[in-house]
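model_19.cif follows; it contains mmCIF, C-alpha atoms and all ligand atoms.
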```
data_my_file
loop_
_atom_site.label_atom_id
_atom_site.label_comp_id
_atom_site.auth_asym_id
_atom_site.auth_seq_id
_atom_site.Cartn_x
_atom_site.Cartn_y
_atom_site.Cartn_z
CA MET A 1 0.00 0.00 0.00
CA ILE A 2 1.32 3.48 -0.89
CA GLN A 3 1.79 5.68 2.16
CA LYS A 4 -0.30 8.84 2.08
CA ARG A 5 1.53 12.14 2.42
CA ALA A 6 0.02 15.31 3.87
CA LEU A 7 1.24 18.87 4.30
CA ILE A 8 -0.22 20.93 7.15
CA THR A 9 0.23 24.69 7.34
CA GLY A 10 -0.33 25.94 10.90
CA ILE A 11 0.81 22.59 12.33
CA THR A 12 2.03 24.26 15.52
CA GLY A 13 -1.47 25.59 16.32
CA GLN A 14 -4.31 23.89 18.16
CA ASP A 15 -5.90 22.22 15.13
CA GLY A 16 -2.57 21.49 13.47
CA ALA A 17 -1.45 19.48 16.49
CA TYR A 18 -4.64 17.42 16.63
CA LEU A 19 -4.69 16.91 12.87
CA ALA A 20 -1.05 15.79 12.84
CA GLU A 21 -1.83 13.22 15.52
CA PHE A 22 -4.94 12.05 13.66
CA LEU A 23 -3.06 11.58 10.36
CA LEU A 24 -0.04 9.90 11.98
CA ASP A 25 -2.41 7.44 13.65
CA ARG A 26 -3.72 6.59 10.16
CA GLY A 27 -0.25 5.86 8.82
CA TYR A 28 0.32 9.14 6.97
CA GLU A 29 3.69 10.72 6.37
CA VAL A 30 3.07 14.19 7.78
CA HIS A 31 4.89 17.39 6.85
CA GLY A 32 4.25 20.68 8.58
CA ILE A 33 5.18 24.29 7.99
CA GLN A 34 6.63 26.01 11.01
CA ARG A 35 7.38 29.72 11.38
CA ARG A 36 10.67 30.81 12.76
CA ALA A 37 10.15 32.14 16.31
CA SER A 38 12.58 33.43 18.91
CA MET A 39 11.40 30.71 21.31
CA SER A 40 10.15 27.21 20.58
CA ASN A 41 6.63 27.14 19.12
CA THR A 42 6.30 23.37 18.82
CA GLY A 43 5.07 22.73 22.38
CA ARG A 44 1.71 21.39 21.27
CA LEU A 45 3.38 18.80 19.04
CA ASP A 46 5.79 17.72 21.80
CA LYS A 47 2.84 17.08 24.08
CA LEU A 48 1.09 14.91 21.54
CA LEU A 49 4.09 13.05 20.21
CA ASN A 50 6.13 12.46 23.35
CA ASN A 51 6.75 8.83 24.27
CA ILE A 52 5.80 7.55 20.81
CA PRO A 53 9.11 7.63 18.87
CA GLU A 54 7.62 5.93 15.76
CA ARG A 55 5.42 8.98 15.27
CA HIS A 56 8.42 11.32 15.24
CA SER A 57 9.97 9.49 12.32
CA GLN A 58 6.85 10.09 10.21
CA LEU A 59 6.64 13.79 11.08
CA THR A 60 8.85 16.43 9.43
CA LEU A 61 8.73 20.15 10.12
CA HIS A 62 9.93 22.68 7.55
CA TYR A 63 10.50 26.38 7.97
CA GLY A 64 8.20 28.49 5.83
CA ASP A 65 5.63 31.25 6.02
CA LEU A 66 2.33 32.01 4.33
CA THR A 67 3.66 35.46 3.46
CA ASP A 68 6.58 33.92 1.55
CA ALA A 69 5.44 32.45 -1.78
CA THR A 70 8.89 31.11 -2.65
CA SER A 71 9.01 28.97 0.47
CA LEU A 72 5.54 27.57 -0.29
CA ILE A 73 6.38 26.70 -3.90
CA ARG A 74 9.65 25.06 -2.89
CA LEU A 75 8.07 23.00 -0.13
CA ILE A 76 5.14 21.78 -2.20
CA LYS A 77 7.52 20.92 -5.05
CA ASP A 78 9.83 18.94 -2.75
CA ILE A 79 7.17 17.23 -0.65
CA ARG A 80 4.53 16.62 -3.37
CA PRO A 81 1.78 16.08 -0.80
CA GLY A 82 -1.41 14.25 -1.77
CA GLU A 83 -3.34 16.36 0.74
CA ILE A 84 -2.74 19.97 1.83
CA TYR A 85 -4.49 21.32 4.92
CA ASN A 86 -4.28 25.11 5.10
CA LEU A 87 -4.72 25.85 8.81
CA ALA A 88 -2.19 28.66 9.13
CA ALA A 89 -3.69 32.03 9.97
CA GLN A 90 -3.54 35.11 12.12
CA SER A 91 -6.56 33.57 13.79
CA HIS A 92 -7.44 36.08 16.52
CA VAL A 93 -10.47 38.22 15.68
CA ALA A 94 -9.68 41.04 18.13
CA VAL A 95 -6.03 41.19 17.02
CA SER A 96 -7.16 41.47 13.39
CA PHE A 97 -8.60 44.93 14.18
CA GLU A 98 -5.09 45.97 15.27
CA THR A 99 -3.21 44.25 12.42
CA PRO A 100 -5.69 44.26 9.51
CA GLU A 101 -3.14 44.38 6.71
CA TYR A 102 -1.01 41.57 8.10
CA THR A 103 -4.15 39.50 8.73
CA ALA A 104 -5.21 39.95 5.11
CA ASP A 105 -1.72 39.08 3.89
CA VAL A 106 -1.63 35.78 5.77
CA ASP A 107 -5.28 34.71 5.83
CA ALA A 108 -6.41 35.89 2.38
CA ILE A 109 -3.34 36.24 0.15
CA GLY A 110 -1.56 33.38 1.96
CA THR A 111 -4.35 31.07 0.79
CA LEU A 112 -3.99 32.39 -2.76
CA ARG A 113 -0.22 31.81 -2.62
CA LEU A 114 -0.78 28.15 -1.74
CA LEU A 115 -3.37 27.66 -4.47
CA GLU A 116 -1.12 29.35 -6.99
CA ALA A 117 1.80 27.15 -5.93
CA ILE A 118 -0.34 24.10 -6.71
CA ARG A 119 -1.22 25.58 -10.13
CA ILE A 120 2.32 26.68 -11.02
CA LEU A 121 3.58 23.18 -10.16
CA GLU A 122 0.75 21.65 -12.22
CA MET A 123 -0.35 19.55 -9.27
CA GLN A 124 -4.12 20.10 -9.58
CA GLN A 125 -4.68 16.42 -10.33
CA ASP A 126 -2.24 15.17 -7.68
CA THR A 127 -3.25 17.00 -4.54
CA ARG A 128 -6.36 17.82 -2.54
CA PHE A 129 -6.77 21.09 -0.66
CA TYR A 130 -8.55 21.88 2.61
CA GLN A 131 -9.22 25.51 3.53
CA ALA A 132 -9.90 26.45 7.17
CA ALA A 133 -12.98 28.62 6.68
CA THR A 134 -14.93 29.85 9.66
CA SER A 135 -18.32 30.61 11.16
CA GLU A 136 -17.05 34.21 11.49
CA LEU A 137 -18.01 34.52 7.81
CA TYR A 138 -21.66 34.66 8.94
CA GLY A 139 -20.94 37.61 11.24
CA MET A 140 -24.08 39.69 11.47
CA VAL A 141 -26.93 37.33 12.28
CA GLN A 142 -29.18 36.74 9.27
CA GLU A 143 -30.66 33.32 10.01
CA THR A 144 -30.22 30.64 12.66
CA PRO A 145 -28.98 28.01 12.69
CA GLN A 146 -26.33 29.01 10.17
CA ARG A 147 -25.74 26.53 7.34
CA GLU A 148 -23.86 26.38 4.03
CA SER A 149 -26.55 28.44 2.25
CA THR A 150 -26.69 31.23 4.88
CA PRO A 151 -25.43 34.56 3.44
CA PHE A 152 -22.09 35.83 4.71
CA HIS A 153 -21.63 39.20 6.44
CA PRO A 154 -18.12 39.44 7.92
CA ARG A 155 -17.68 41.68 10.97
CA SER A 156 -13.89 41.91 11.31
CA PRO A 157 -10.74 42.19 9.21
CA TYR A 158 -10.16 38.53 10.08
CA ALA A 159 -13.54 37.49 8.73
CA ALA A 160 -13.17 39.66 5.63
CA ALA A 161 -9.80 38.03 4.89
CA LYS A 162 -11.27 34.58 5.43
CA LEU A 163 -14.11 35.49 3.08
CA TYR A 164 -11.58 36.07 0.29
CA ALA A 165 -9.90 32.77 1.15
CA TYR A 166 -13.27 30.99 1.02
CA TRP A 167 -14.12 32.32 -2.45
CA ILE A 168 -10.65 31.91 -3.96
CA THR A 169 -10.80 28.26 -2.85
CA VAL A 170 -14.17 27.87 -4.58
CA ASN A 171 -12.74 29.64 -7.62
CA TYR A 172 -9.73 27.32 -7.99
CA ARG A 173 -12.12 24.36 -7.71
CA GLU A 174 -14.34 25.75 -10.47
CA ALA A 175 -11.63 27.21 -12.69
CA TYR A 176 -8.93 24.55 -12.51
CA GLY A 177 -10.74 21.43 -11.32
CA LEU A 178 -8.77 21.36 -8.06
CA HIS A 179 -10.16 19.09 -5.33
CA ALA A 180 -10.54 22.02 -2.92
CA SER A 181 -12.98 22.17 -0.01
CA ASN A 182 -13.89 24.76 2.61
CA GLY A 183 -14.62 23.56 6.13
CA ILE A 184 -16.83 26.23 7.69
CA LEU A 185 -15.96 25.37 11.24
CA PHE A 186 -17.69 26.82 14.26
CA ASN A 187 -15.62 27.48 17.37
CA HIS A 188 -13.77 24.45 18.64
CA GLU A 189 -11.71 24.38 21.79
CA SER A 190 -9.50 22.07 23.85
CA PRO A 191 -6.74 22.16 26.43
CA LEU A 192 -4.45 23.07 23.50
CA ARG A 193 -6.46 26.21 22.66
CA GLY A 194 -4.42 29.42 22.53
CA GLU A 195 -4.45 31.22 25.87
CA THR A 196 -6.00 34.44 24.53
CA PHE A 197 -9.17 32.85 23.16
CA ILE A 198 -12.09 33.14 25.53
CA THR A 199 -12.62 29.55 26.70
CA ARG A 200 -8.95 29.01 27.46
CA LYS A 201 -8.55 32.47 28.97
CA ILE A 202 -11.39 31.56 31.33
CA SER A 203 -10.27 28.00 32.11
CA ARG A 204 -6.71 29.10 32.75
CA ALA A 205 -7.78 32.00 34.95
CA ALA A 206 -10.22 29.87 36.95
CA ALA A 207 -7.43 27.36 37.52
CA ALA A 208 -4.89 30.07 38.42
CA ILE A 209 -7.26 31.88 40.80
CA SER A 210 -8.17 28.63 42.54
CA LEU A 211 -4.44 27.97 43.08
CA GLY A 212 -3.85 31.51 44.38
CA ARG A 213 -1.73 32.46 41.33
CA GLN A 214 -4.02 35.18 39.94
CA ASP A 215 -6.35 37.70 41.59
CA ARG A 216 -8.93 38.50 38.98
CA LEU A 217 -10.06 37.82 35.42
CA TYR A 218 -10.91 40.71 33.10
CA LEU A 219 -13.18 39.97 30.16
CA GLY A 220 -15.07 41.83 27.43
CA ASN A 221 -18.53 41.05 26.07
CA LEU A 222 -20.12 38.37 28.26
CA ASP A 223 -23.32 38.28 26.21
CA ALA A 224 -21.85 36.77 23.04
CA LYS A 225 -23.04 33.27 22.18
CA ARG A 226 -20.89 30.64 20.53
CA ASP A 227 -21.34 27.10 19.26
CA TRP A 228 -18.41 25.39 21.01
CA GLY A 229 -17.19 21.89 20.15
CA HIS A 230 -14.01 19.88 20.82
CA ALA A 231 -11.11 20.41 18.40
CA ARG A 232 -10.19 16.70 18.32
CA GLU A 233 -13.58 15.88 16.81
CA TYR A 234 -13.37 18.66 14.22
CA VAL A 235 -10.05 17.61 12.65
CA ARG A 236 -11.66 14.30 11.68
CA GLY A 237 -14.19 16.31 9.71
CA MET A 238 -11.37 18.10 7.82
CA TRP A 239 -9.91 14.76 6.82
CA LEU A 240 -13.31 13.36 5.80
CA MET A 241 -13.80 16.29 3.40
CA LEU A 242 -10.64 15.36 1.52
CA GLN A 243 -11.62 11.67 1.31
CA GLN A 244 -14.77 12.42 -0.74
CA ASP A 245 -14.87 11.80 -4.48
CA ARG A 246 -16.02 15.38 -5.04
CA PRO A 247 -14.85 18.54 -3.28
CA ASP A 248 -17.48 20.65 -1.51
CA ASP A 249 -18.02 23.06 1.40
CA TYR A 250 -19.31 21.89 4.78
CA VAL A 251 -20.35 23.36 8.12
CA LEU A 252 -19.03 21.59 11.23
CA ALA A 253 -20.84 22.58 14.42
CA THR A 254 -22.59 21.11 17.45
CA GLY A 255 -25.96 22.81 16.90
CA LYS A 256 -25.95 24.18 20.46
CA THR A 257 -25.04 27.68 21.56
CA THR A 258 -23.76 28.93 24.93
CA GLN A 259 -23.28 32.40 26.32
CA VAL A 260 -19.79 33.47 27.39
CA ARG A 261 -21.08 34.18 30.94
CA GLN A 262 -22.33 30.58 31.20
CA PHE A 263 -18.86 29.26 30.35
CA VAL A 264 -17.45 31.52 33.08
CA HIS A 265 -19.82 29.98 35.63
CA TRP A 266 -19.02 26.42 34.63
CA ALA A 267 -15.27 26.98 34.71
CA PHE A 268 -15.22 28.57 38.17
CA GLU A 269 -17.55 25.85 39.45
CA ASP A 270 -15.15 23.22 38.07
CA ALA A 271 -12.21 24.99 39.72
CA GLY A 272 -14.04 24.74 43.06
CA ILE A 273 -14.75 28.48 43.44
CA PRO A 274 -18.37 28.98 42.30
CA LEU A 275 -19.40 32.55 41.48
CA GLU A 276 -22.51 34.60 42.05
CA PHE A 277 -23.89 37.54 40.11
CA ALA A 278 -23.02 40.92 41.63
CA GLY A 279 -26.50 42.46 41.67
CA GLN A 280 -28.45 43.85 38.72
CA GLY A 281 -25.82 45.44 36.48
CA LEU A 282 -24.12 42.22 35.57
CA GLN A 283 -22.01 43.56 32.72
CA GLU A 284 -20.72 46.40 34.87
CA LYS A 285 -20.20 44.68 38.19
CA GLY A 286 -19.05 41.27 37.04
CA TYR A 287 -19.04 38.16 39.18
CA CYS A 288 -18.23 37.71 42.82
CA ARG A 289 -18.16 35.02 45.45
CA SER A 290 -20.58 34.84 48.34
CA THR A 291 -17.71 36.10 50.51
CA GLY A 292 -17.96 39.40 48.60
CA ARG A 293 -14.65 38.96 46.77
CA CYS A 294 -15.11 39.72 43.06
CA LEU A 295 -13.13 37.49 40.73
CA VAL A 296 -14.42 38.38 37.28
CA GLU A 297 -14.78 41.90 35.95
CA VAL A 298 -15.72 43.43 32.64
CA ASP A 299 -13.02 45.58 31.06
CA PRO A 300 -14.12 47.60 28.01
CA ARG A 301 -10.62 47.16 26.56
CA TYR A 302 -11.77 43.73 25.46
CA PHE A 303 -14.85 44.91 23.58
CA ARG A 304 -14.47 44.67 19.80
CA PRO A 305 -15.26 47.49 17.35
CA ALA A 306 -17.86 45.17 15.80
CA GLU A 307 -19.12 41.99 17.44
CA VAL A 308 -20.57 38.69 16.26
CA ASP A 309 -23.44 38.20 18.69
CA LEU A 310 -24.73 34.73 18.02
CA LEU A 311 -23.35 31.64 16.32
CA ILE A 312 -25.17 28.33 16.13
CA GLY A 313 -24.47 25.94 13.29
CA ASP A 314 -26.41 23.32 11.39
CA ALA A 315 -24.01 20.52 10.42
CA GLY A 316 -26.75 18.45 8.75
CA LYS A 317 -24.89 18.26 5.43
CA ALA A 318 -21.69 17.00 7.09
CA HIS A 319 -23.70 14.43 9.08
CA GLN A 320 -25.38 13.10 5.97
CA GLN A 321 -22.63 13.29 3.38
CA LEU A 322 -19.48 12.81 5.45
CA GLY A 323 -20.86 10.71 8.29
CA TRP A 324 -19.28 13.27 10.64
CA HIS A 325 -20.58 13.63 14.17
CA HIS A 326 -19.48 15.21 17.42
CA ASP A 327 -19.79 13.65 20.86
CA MET A 328 -18.46 16.00 23.52
CA PRO A 329 -20.99 18.41 25.06
CA VAL A 330 -19.70 21.90 25.88
CA ARG A 331 -20.25 21.30 29.62
CA GLU A 332 -17.78 18.42 29.50
CA LEU A 333 -15.37 20.45 27.36
CA ALA A 334 -15.23 23.14 30.06
CA ARG A 335 -14.51 20.49 32.68
CA GLU A 336 -11.68 18.96 30.63
CA MET A 337 -10.10 22.35 30.00
CA VAL A 338 -10.16 23.45 33.65
CA ALA A 339 -8.80 20.09 34.86
CA ALA A 340 -5.96 20.30 32.30
CA ASP A 341 -5.11 23.86 33.33
CA ILE A 342 -5.06 23.01 37.02
CA GLN A 343 -2.71 20.12 36.31
CA ALA A 344 -0.47 22.23 34.06
CA LEU A 345 -0.28 25.13 36.51
CA LYS A 346 0.58 22.86 39.41
CA ALA A 347 3.58 21.67 37.41
CA GLU A 348 4.62 25.22 36.55
CA PRO A 349 6.60 27.54 38.85
CA ALA A 350 4.42 30.39 40.17
CA TRP A 351 6.61 33.14 38.64
CA LYS A 352 5.84 31.87 35.15
CA HIS A 353 2.23 32.90 35.34
CA SER A 354 2.42 36.36 33.84
CA ARG A 355 -0.15 39.12 34.17
CA GLU A 356 0.36 40.47 30.71
CA ARG A 357 -2.52 41.76 28.63
CA VAL A 358 -4.44 38.88 27.06
CA HIS A 359 -7.06 39.48 24.41
P1 LIG B 401 -4.11 28.78 16.05
O1 LIG B 401 -4.06 30.23 16.21
O2 LIG B 401 -3.98 27.89 17.24
O3 LIG B 401 -2.96 28.32 15.02
C1 LIG B 401 -2.64 29.10 13.89
C2 LIG B 401 -1.42 28.49 13.22
O4 LIG B 401 -1.05 29.30 12.10
C3 LIG B 401 -0.17 28.41 14.11
O5 LIG B 401 0.54 27.24 13.81
C4 LIG B 401 0.62 29.63 13.67
O6 LIG B 401 2.00 29.53 13.93
C5 LIG B 401 0.34 29.57 12.18
N1 LIG B 401 0.64 30.83 11.49
C6 LIG B 401 0.22 32.07 11.80
N2 LIG B 401 0.70 32.97 10.92
C7 LIG B 401 1.43 32.28 10.02
C8 LIG B 401 2.20 32.63 8.88
N3 LIG B 401 2.32 33.89 8.50
N4 LIG B 401 2.81 31.64 8.18
C9 LIG B 401 2.74 30.36 8.59
N5 LIG B 401 2.04 29.96 9.68
C10 LIG B 401 1.40 30.91 10.39
O7 LIG B 401 -5.46 28.44 15.26
P2 LIG B 401 -6.40 27.15 15.34
O8 LIG B 401 -5.57 25.93 15.34
O9 LIG B 401 -7.42 27.35 16.40
O10 LIG B 401 -7.19 27.28 13.95
C11 LIG B 401 -6.68 26.67 12.76
C12 LIG B 401 -7.29 27.37 11.56
O11 LIG B 401 -8.70 27.23 11.58
C13 LIG B 401 -7.03 28.88 11.48
O12 LIG B 401 -6.90 29.20 10.12
C14 LIG B 401 -8.28 29.50 12.06
O13 LIG B 401 -8.46 30.80 11.53
C15 LIG B 401 -9.33 28.51 11.58
N6 LIG B 401 -10.50 28.37 12.40
C16 LIG B 401 -10.39 28.07 13.73
C17 LIG B 401 -11.51 27.82 14.50
C18 LIG B 401 -11.42 27.50 15.95
O14 LIG B 401 -12.45 27.59 16.63
N7 LIG B 401 -10.27 27.08 16.46
C19 LIG B 401 -12.86 27.88 13.89
C20 LIG B 401 -12.86 28.16 12.48
C21 LIG B 401 -11.71 28.38 11.77
P3 LIG B 401 2.63 29.90 15.38
O15 LIG B 401 2.39 28.69 16.24
O16 LIG B 401 4.04 30.14 15.08
O17 LIG B 401 1.88 31.10 15.89
P1 LIG B 402 -13.93 34.14 18.24
O1 LIG B 402 -13.26 33.55 19.56
O2 LIG B 402 -13.78 35.59 18.15
O3 LIG B 402 -15.31 33.55 18.17
O4 LIG B 402 -12.99 33.48 17.11
P2 LIG B 402 -12.84 34.20 20.95
O5 LIG B 402 -12.69 33.06 21.87
O6 LIG B 402 -11.69 35.12 20.81
O7 LIG B 402 -14.13 35.10 21.34
C1 LIG B 402 -15.39 34.51 21.56
C2 LIG B 402 -16.34 35.58 22.11
O8 LIG B 402 -15.94 35.92 23.44
C3 LIG B 402 -15.99 37.34 23.57
N1 LIG B 402 -15.07 37.80 24.62
C4 LIG B 402 -13.73 37.68 24.61
N2 LIG B 402 -12.90 37.10 23.72
C5 LIG B 402 -11.57 37.10 24.01
N3 LIG B 402 -10.73 36.50 23.16
N4 LIG B 402 -11.07 37.69 25.17
C6 LIG B 402 -11.88 38.29 26.07
O9 LIG B 402 -11.42 38.79 27.09
C7 LIG B 402 -13.28 38.28 25.79
N5 LIG B 402 -14.36 38.73 26.47
C8 LIG B 402 -15.43 38.44 25.75
C9 LIG B 402 -15.60 37.86 22.19
O10 LIG B 402 -15.98 39.23 22.05
C10 LIG B 402 -16.38 36.89 21.31
O11 LIG B 402 -17.69 37.30 21.16
C11 LIG B 402 -12.56 32.13 17.21
C12 LIG B 402 -11.19 32.01 16.53
O12 LIG B 402 -10.68 30.72 16.75
C13 LIG B 402 -11.32 32.25 15.03
O13 LIG B 402 -10.07 31.96 14.41
C14 LIG B 402 -12.38 31.32 14.48
O14 LIG B 402 -12.55 31.54 13.10
C15 LIG B 402 -13.70 31.52 15.21
O15 LIG B 402 -13.50 31.27 16.59
C16 LIG B 402 -14.77 30.54 14.72
#
```

Go ahead and render the structure in this file as structure tokens.
Amino acid sequence: MIQKRALITGITGQDGAYLAEFLLDRGYEVHGIQRRASMSNTGRLDKLLNNIPERHSQLTLHYGDLTDATSLIRLIKDIRPGEIYNLAAQSHVAVSFETPEYTADVDAIGTLRLLEAIRILEMQQDTRFYQAATSELYGMVQETPQRESTPFHPRSPYAAAKLYAYWITVNYREAYGLHASNGILFNHESPLRGETFITRKISRAAAAISLGRQDRLYLGNLDAKRDWGHAREYVRGMWLMLQQDRPDDYVLATGKTTQVRQFVHWAFEDAGIPLEFAGQGLQEKGYCRSTGRCLVEVDPRYFRPAEVDLLIGDAGKAHQQLGWHHDMPVRELAREMVAADIQALKAEPAWKHSRERVH
């Protein structure tokens, strides 16, 4: 049997780490593009690959960058992957308001650079392409639940860049016959989630406060609602899209939505420090304990210039055509994340827990 070969951009991120593990478990030779950083950025891969040396031999990391077309062409030419998963992105919505041009360069034009590399190398018939599209494309609520046919209305530079990436992927499918699919994924989280995204910011703070390592958690809009699933289950959906005879676009979501403030309550409950509302003006006063000590406060610094209020996805097409399903309820996800953060923080020296600004 010929060994399958995949290239993952963004392999050092949350999804990249889970996808690498998933593909290695299926016997793939996995290649990943890593950015140069002043400190190691492969921690998520170490965690997943440690103690299984056979996996290391099937995994190769290459330096490259989505802003550097020459590196992408060279790597695709040398590796000749049968599957390319484009997960690399400046993926933080709030940060995209501060770095809109860079976000567009990586998330929009970076996708074009990859597609063009495939075309220049005449590999349209030899490789399949997955694009990490996002529920942020829906932005302003037009219908719920959101599905493949729901109109897009991006609400951030990030979403606008991803909108270009979505359509250029569709275009290369239609124009050049490339097997290219968009996965319109709703939020998915895990203990490997970046520390500045809301679920992880909350789980890490709840853990740190319960261990006496942090005093307070500052958050922005507590009213936003998200459809949160587990990242491990979503990377299987990416792979399934590339195993189909025909390329297409699919929503992956749980079909349930949860308010940010609810996640806060669950996380602090799981950390053993349950919270109570501080009177009527919840947004203003935040959350306190019955002792009167307030642990969670709203800081307007974390409000976004434009917000996505409500996301709830309908993954009916993926269920029917891909056989994809999700199992982990969001309540259990919160529990897993808090438990993992408590364990990680206990193993970490107290001085390492910084109080720097986290989005
Ligand atoms: P992360 O932010 O955890 O990972 C992003 C990855 O992209 C990292 O490996 C990062 O490298 C890499 N990267 C960033 N900029 C560049 C660049 N210029 N060149 C090469 N690599 C770069 O994101 P997730 O794993 O959560 O998400 C994966 C993808 O899916 C992203 O495209 C995201 O926008 C999209 N998405 C995510 C959803 C979610 O809920 N997680 C939902 C829908 C879509 P480094 O480690 O060095 O920073
Ligand atoms: P999102 O995720 O913007 O949906 O994008 P994030 O976790 O950053 O925000 C979710 C919601 O929580 C509100 N919020 C805060 N968010 C952060 N990060 N920090 C805060 O302090 C805070 N307070 C309130 C936000 O306003 C928002 O409403 C994620 C990313 O992974 C994208 O790459 C991906 O495309 C989408 O999910 C689907």

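Considering the residues A:Phe22, A:Trp239, A:Tyr158, A:Tyr130 and counting all atoms listed in the file, Ala89 of chain A has its shortest atom-to-atom contact with A:Tyr158.
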
Selected residue, from A:Arg289, A:Arg113, A:His56, A:Arg128, that lies nearest to ligand LIG 401 (chain B) when counting all atoms listed in the file: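 Nearest to ligand LIG 401 (chain B): A:Arg113.
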
What do you get as a CSV table (one decimal) with C-alpha atoms, in the frame of the given file if you pick all residues at most 6 Å from ligand LIG 401 (chain B), counting all atoms listed in the file?
```
chain,number,residue,atom,x,y,z
A,10,GLY,CA,-0.3,25.9,10.9
A,11,ILE,CA,0.8,22.6,12.3
A,12,THR,CA,2.0,24.3,15.5
A,13,GLY,CA,-1.5,25.6,16.3
A,14,GLN,CA,-4.3,23.9,18.2
A,15,ASP,CA,-5.9,22.2,15.1
A,16,GLY,CA,-2.6,21.5,13.5
A,35,ARG,CA,7.4,29.7,11.4
A,41,ASN,CA,6.6,27.1,19.1
A,65,ASP,CA,5.6,31.2,6.0
A,66,LEU,CA,2.3,32.0,4.3
A,67,THR,CA,3.7,35.5,3.5
A,87,LEU,CA,-4.7,25.8,8.8
A,88,ALA,CA,-2.2,28.7,9.1
A,89,ALA,CA,-3.7,32.0,10.0
A,90,GLN,CA,-3.5,35.1,12.1
A,91,SER,CA,-6.6,33.6,13.8
A,106,VAL,CA,-1.6,35.8,5.8
A,132,ALA,CA,-9.9,26.4,7.2
A,133,ALA,CA,-13.0,28.6,6.7
A,134,THR,CA,-14.9,29.8,9.7
A,185,LEU,CA,-16.0,25.4,11.2
A,186,PHE,CA,-17.7,26.8,14.3
A,187,ASN,CA,-15.6,27.5,17.4
A,188,HIS,CA,-13.8,24.4,18.6
A,194,GLY,CA,-4.4,29.4,22.5
```

Ligand LIG 402 (chain B) neighbours within 8 Å using all atoms listed in the file, as a ChimeraX atom specification: /A:89-94,133-136,158-159,185-188,196-201,218-226,260,298,302-304,307-309,358-359

Separation of atom CA of His230 of chain A from atom CA of Glu336 of chain A, in Å and rounded to one decimal: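 Taking atom CA of His230 of chain A and atom CA of Glu336 of chain A, their separation equals 10.1 Å.
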